[in-house]
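Shown below: query_8.cif, with mmCIF, C-alpha atoms and all ligand atoms.
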data_target
#
loop_
_atom_site.label_atom_id
_atom_site.label_comp_id
_atom_site.auth_asym_id
_atom_site.auth_seq_id
_atom_site.Cartn_x
_atom_site.Cartn_y
_atom_site.Cartn_z
CA MET A 1 28.06 87.89 10.13
CA ALA A 2 31.46 86.36 10.68
CA LYS A 3 31.05 82.71 11.61
CA PRO A 4 32.98 81.63 14.72
CA THR A 5 33.82 78.30 13.07
CA GLU A 6 35.57 79.91 10.10
CA ALA A 7 39.18 81.05 10.29
CA LEU A 8 41.21 83.21 7.92
CA ILE A 9 44.87 82.27 7.97
CA VAL A 10 47.16 84.92 6.50
CA ILE A 11 50.45 83.36 5.52
CA ASP A 12 53.76 85.24 5.73
CA VAL A 13 52.82 88.73 4.47
CA GLN A 14 56.25 89.99 5.49
CA ASN A 15 58.62 92.54 4.00
CA ASP A 16 61.10 89.96 2.74
CA PHE A 17 58.41 88.29 0.59
CA CYS A 18 57.29 91.60 -0.91
CA PRO A 19 58.99 93.68 -3.64
CA GLY A 20 62.29 95.02 -2.28
CA GLY A 21 62.63 92.10 0.16
CA LEU A 22 65.29 89.41 0.26
CA LEU A 23 63.01 86.67 -1.14
CA ALA A 24 60.56 88.88 -3.00
CA VAL A 25 57.54 87.17 -4.49
CA PRO A 26 56.48 88.95 -7.70
CA ASP A 27 53.60 91.31 -6.86
CA GLY A 28 53.60 90.03 -3.29
CA ASP A 29 52.24 93.30 -1.95
CA ALA A 30 49.36 93.41 -4.45
CA ILE A 31 47.26 91.13 -2.22
CA ILE A 32 47.35 93.22 0.93
CA ALA A 33 44.28 95.42 0.38
CA ARG A 34 42.16 92.38 -0.32
CA ILE A 35 43.44 90.57 2.77
CA ASN A 36 42.70 93.58 4.97
CA ALA A 37 39.16 93.68 3.62
CA ALA A 38 38.66 89.92 4.00
CA MET A 39 39.58 89.80 7.69
CA ARG A 40 36.28 91.28 8.83
CA GLY A 41 34.42 88.31 7.35
CA PHE A 42 35.99 85.69 9.61
CA GLY A 43 35.35 84.81 13.21
CA VAL A 44 38.97 83.80 13.80
CA ARG A 45 41.97 85.55 12.23
CA VAL A 46 45.47 84.18 12.34
CA LEU A 47 48.69 85.63 10.92
CA THR A 48 51.80 83.54 10.37
CA GLN A 49 55.33 84.85 10.40
CA ASP A 50 58.34 83.07 8.92
CA TRP A 51 60.89 83.51 11.70
CA HIS A 52 64.35 82.09 11.09
CA PRO A 53 67.54 82.24 13.17
CA ALA A 54 70.54 83.53 11.17
CA ASP A 55 72.08 80.04 11.13
CA HIS A 56 68.97 78.45 9.63
CA THR A 57 69.57 75.33 7.56
CA SER A 58 67.29 76.55 4.72
CA PHE A 59 69.68 79.39 3.83
CA ALA A 60 72.08 78.63 0.98
CA ALA A 61 74.57 80.95 2.68
CA ASN A 62 74.88 78.43 5.51
CA HIS A 63 76.04 75.69 3.11
CA PRO A 64 79.42 76.77 1.69
CA GLY A 65 79.48 76.40 -2.10
CA ALA A 66 75.76 75.75 -2.42
CA ALA A 67 73.82 77.82 -4.95
CA VAL A 68 70.70 79.72 -4.03
CA TYR A 69 67.59 77.75 -5.12
CA SER A 70 69.52 74.47 -5.33
CA MET A 71 68.22 71.38 -3.51
CA LEU A 72 69.75 69.58 -0.55
CA ASN A 73 68.65 66.34 1.07
CA MET A 74 67.95 66.85 4.76
CA PRO A 75 67.03 64.16 7.31
CA TYR A 76 63.39 65.31 6.92
CA GLY A 77 63.44 65.30 3.10
CA PRO A 78 64.51 67.49 0.17
CA GLN A 79 65.03 71.15 1.00
CA VAL A 80 65.27 74.16 -1.32
CA LEU A 81 68.19 76.38 -0.31
CA TRP A 82 66.79 79.89 -0.13
CA PRO A 83 68.36 83.31 -0.01
CA VAL A 84 68.65 84.53 3.58
CA HIS A 85 65.18 85.82 4.55
CA CYS A 86 62.95 86.59 7.53
CA VAL A 87 65.73 86.58 10.07
CA GLN A 88 64.34 86.97 13.57
CA GLY A 89 64.19 90.62 14.58
CA SER A 90 65.06 91.98 11.13
CA VAL A 91 62.98 94.52 9.22
CA GLY A 92 62.49 91.88 6.53
CA ALA A 93 60.78 89.61 9.03
CA GLN A 94 58.28 92.28 10.04
CA PHE A 95 54.81 92.22 8.59
CA HIS A 96 54.41 94.48 5.57
CA PRO A 97 53.40 97.89 6.93
CA GLY A 98 50.25 97.85 4.80
CA LEU A 99 48.91 94.70 6.46
CA GLN A 100 46.37 95.41 9.17
CA THR A 101 47.60 93.28 12.05
CA ASP A 102 45.32 94.65 14.78
CA PRO A 103 42.36 92.41 13.86
CA ALA A 104 44.46 89.26 14.32
CA ASP A 105 43.61 86.95 17.23
CA LEU A 106 46.86 85.00 16.97
CA VAL A 107 50.28 85.42 15.43
CA ILE A 108 52.05 82.14 14.93
CA ARG A 109 55.76 82.01 14.18
CA LYS A 110 57.41 79.13 12.37
CA GLY A 111 60.81 78.08 11.09
CA PHE A 112 62.49 79.14 14.33
CA ARG A 113 64.50 75.94 14.78
CA SER A 114 67.88 76.06 13.01
CA ALA A 115 67.86 72.44 11.88
CA ILE A 116 64.45 72.28 10.19
CA ASP A 117 62.36 74.43 7.89
CA SER A 118 58.65 74.95 8.38
CA TYR A 119 56.61 75.98 5.36
CA SER A 120 53.27 74.93 6.82
CA ALA A 121 51.44 76.85 9.51
CA PHE A 122 50.57 73.48 11.10
CA PHE A 123 53.68 71.29 10.98
CA GLU A 124 57.39 71.68 10.40
CA ASN A 125 58.78 70.10 7.24
CA ASP A 126 59.12 66.69 8.93
CA HIS A 127 55.29 66.72 8.73
CA THR A 128 55.08 65.68 12.37
CA THR A 129 56.38 68.47 14.65
CA PRO A 130 53.34 70.64 15.36
CA THR A 131 53.34 74.43 15.52
CA GLY A 132 50.35 74.40 17.87
CA LEU A 133 47.96 75.98 15.37
CA ASP A 134 45.77 72.87 15.05
CA GLY A 135 45.25 72.78 18.82
CA TYR A 136 44.38 76.46 18.89
CA LEU A 137 41.85 76.21 16.07
CA ARG A 138 40.25 73.08 17.52
CA ALA A 139 39.97 74.65 20.95
CA ARG A 140 38.12 77.57 19.35
CA GLY A 141 35.75 75.29 17.44
CA VAL A 142 37.05 76.11 13.98
CA THR A 143 36.05 73.64 11.25
CA ALA A 144 36.81 75.60 8.07
CA VAL A 145 39.92 77.54 7.13
CA THR A 146 40.56 79.98 4.31
CA LEU A 147 44.15 80.63 3.34
CA VAL A 148 45.68 83.72 1.75
CA GLY A 149 49.19 85.15 1.54
CA LEU A 150 52.68 84.18 0.38
CA ALA A 151 53.73 82.11 -1.29
CA THR A 152 50.99 80.09 -3.02
CA ASP A 153 53.29 77.22 -3.96
CA PHE A 154 55.20 76.92 -0.69
CA CYS A 155 53.83 78.08 2.64
CA VAL A 156 50.22 78.50 1.49
CA ALA A 157 50.12 75.12 -0.25
CA TYR A 158 51.85 73.23 2.57
CA SER A 159 49.43 74.80 5.05
CA ALA A 160 46.42 73.94 2.88
CA LEU A 161 47.53 70.33 2.46
CA ASP A 162 48.09 69.91 6.19
CA ALA A 163 44.75 71.54 7.01
CA ALA A 164 42.98 69.14 4.64
CA ARG A 165 44.81 66.19 6.17
CA LEU A 166 43.73 67.39 9.63
CA GLY A 167 40.08 67.37 8.54
CA TYR A 168 39.32 71.05 8.03
CA SER A 169 37.34 72.30 5.06
CA VAL A 170 39.96 74.26 3.17
CA THR A 171 39.71 77.11 0.68
CA VAL A 172 42.63 78.96 -0.90
CA LEU A 173 41.77 82.38 -2.33
CA GLU A 174 44.27 82.37 -5.15
CA GLY A 175 43.62 86.02 -5.96
CA ALA A 176 44.85 86.89 -2.47
CA CYS A 177 48.03 84.82 -2.90
CA ARG A 178 51.14 85.14 -5.05
CA ALA A 179 53.59 82.41 -6.07
CA ILE A 180 57.36 81.97 -6.29
CA ASP A 181 56.97 79.38 -9.09
CA LEU A 182 60.30 77.58 -8.94
CA ASN A 183 60.64 74.84 -11.61
CA GLY A 184 56.92 74.23 -11.97
CA SER A 185 56.21 74.41 -8.24
CA LEU A 186 52.98 76.35 -8.73
CA ALA A 187 51.37 73.82 -11.11
CA ASN A 188 52.52 71.00 -8.85
CA ALA A 189 51.13 72.66 -5.72
CA ARG A 190 47.79 73.39 -7.41
CA GLU A 191 47.45 69.77 -8.50
CA LEU A 192 48.28 68.43 -5.02
CA MET A 193 45.80 70.83 -3.41
CA GLN A 194 43.05 69.86 -5.83
CA MET A 195 43.69 66.16 -5.21
CA ALA A 196 43.47 66.79 -1.47
CA GLY A 197 40.04 68.39 -1.84
CA VAL A 198 41.21 71.97 -1.26
CA VAL A 199 38.87 74.45 -2.92
CA LEU A 200 40.87 76.81 -5.14
CA SER A 201 38.83 79.97 -5.39
CA VAL A 202 39.44 83.31 -7.07
C1 LIG A 301 58.35 80.64 2.19
C2 LIG A 301 60.24 79.90 1.16
C3 LIG A 301 60.94 79.96 2.34
C4 LIG A 301 56.91 81.02 2.07
C5 LIG A 301 59.02 80.70 3.39
O1 LIG A 301 56.41 81.80 2.90
O2 LIG A 301 56.25 80.52 1.12
N1 LIG A 301 58.96 80.22 1.09
N2 LIG A 301 60.32 80.36 3.46
ZN ZN A 302 61.46 80.68 5.20
#
Rewritten as structure tokens:
Amino acid sequence: MAKPTEALIVIDVQNDFCPGGLLAVPDGDAIIARINAAMRGFGVRVLTQDWHPADHTSFAANHPGAAVYSMLNMPYGPQVLWPVHCVQGSVGAQFHPGLQTDPADLVIRKGFRSAIDSYSAFFENDHTTPTGLDGYLRARGVTAVTLVGLATDFCVAYSALDAARLGYSVTVLEGACRAIDLNGSLANARELMQMAGVVLSV
């Protein structure tokens, strides 16, 4: 029986993060069948959607002369400059067609403010502006969250760390995630998650 206190949070399974997309995560689509199967086991199911305006500050293209994947210091901290991806209303921003979205209770969009990125499903990258997800989960009595999706070392990890900080029991199903792995970001994210008490499961 699916427990009403346990939520599955499916992070950013969108066309642009899958093979053929603008910020493709290697093998990003290989996790979809498992995610579809896992949804039935949870009392609460949430999907997140990276949802950027075309003038978003995280796009290298919006910083003349800046290289893709270089770093820039923003008022809220260091920011990776990404290829343009998940532009609001684009096909790339749509969920991968293989993902079963009907079982979802909530779709939460993030990264929709031009001036700030939002990796986490809970807070924007200033670590203080909420997305509203914590309030939703609390109101529904959720105490444990399981995270799957893309990418392990960015949006999944940031979400897991915030969830742990907010007091949820947190599990990441690594087999249902795939990583970008930029300059050691995966090893770093795994270490931070382990230190925060996040359970890294297969
Ligand atoms: C993501 C980079 C930029 C992610 C989103 O979903 O992990 N990564 N935007
Ligand atoms: Zn993004």
- Selection within 9 Å of ligand LIG 301 (chain A) by only C-alpha atoms and all ligand atoms, output as a ChimeraX atom specification: /A:11-14,17,23,25,48-52,58-59,80-83,85-86,111,117-120,149-158,179-180
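Computed from the coordinates, the atom CA of A:Gly21 to atom CA of A:Ala54 distance equals 16.0 Å.
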- Item | Non-local contacts of A:Ile9 (8 Å; only C-alpha atoms; under 6 positions in same chain excluded) as a ChimeraX atom specification | /A:45-48,145-148
- Query: Pick the closest to ligand ZN 302 (chain A) from A:Val202, A:Ile108, A:Leu137, A:Ile116: which is it, counting all atoms listed in the file?
  - Reply: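 The closest residue to ligand ZN 302 (chain A) is A:Ile116.
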- Task: Identify, on the basis of all atoms listed in the file, every residue whose closest approach to A:Gly20 does not exceed 12 Å; exclude the query and any residue fewer than 5 positions from it along the same chain; express the result as number ranges by chain.
- Result: A: 14-15, 25-29, 85, 91-92, 96
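Comparing the minimum interatomic distances between ligand ZN 302 (chain A) and each of A:Val44, A:Val87, A:Ile35, A:Ala7, counting all atoms listed in the file, we find that A:Val87 sits nearest.
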- What is the atom CA of A:Leu182 to atom CA of A:Met71 distance in Å? 11.4 Å
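Atom CA of A:Gly77 lies 12.5 Å from atom CA of A:Thr128.
You can rank A:Gly43, A:Pro19, A:Gly184, A:Pro53 by their closest distance to ligand ZN 302 (chain A) using all atoms listed in the file, and at the top of that list sits A:Pro53.
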- Query: With distances taken over only C-alpha atoms and all ligand atoms, which of A:Phe95, A:Lys110, A:Ala60, A:Ser90 is nearest to ligand ZN 302 (chain A)?
  - Reply: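 Selected residue with least distance to ligand ZN 302 (chain A): A:Lys110.
Minimum distance to ligand ZN 302 (chain A) across A:Arg40, A:Arg165, A:Arg113, A:His63 (counting all atoms listed in the file) occurs at A:Arg113.
Counting only C-alpha atoms and all ligand atoms and comparing A:Ala2, A:Leu8, A:Asn62, A:Val84, the residue that lies closest to ligand ZN 302 (chain A) is A:Val84.
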Need to verify the contact set: A:Thr131, 7 Å, all atoms listed in the file, exclusion of same-chain residues closer than 5 positions in sequence. Can you return it as a CSV table (one decimal) with C-alpha atoms, in the frame of the given file?
chain,number,residue,atom,x,y,z
A,110,LYS,CA,57.4,79.1,12.4
A,121,ALA,CA,51.4,76.8,9.5
A,122,PHE,CA,50.6,73.5,11.1
A,123,PHE,CA,53.7,71.3,11.0
- Do a neighbour search on A:Ala160 at 8 Å with only C-alpha atoms, toss out local chain neighbours closer than 6 positions, and write the hits as a ChimeraX atom specification. /A:120,147,170-172,193,198
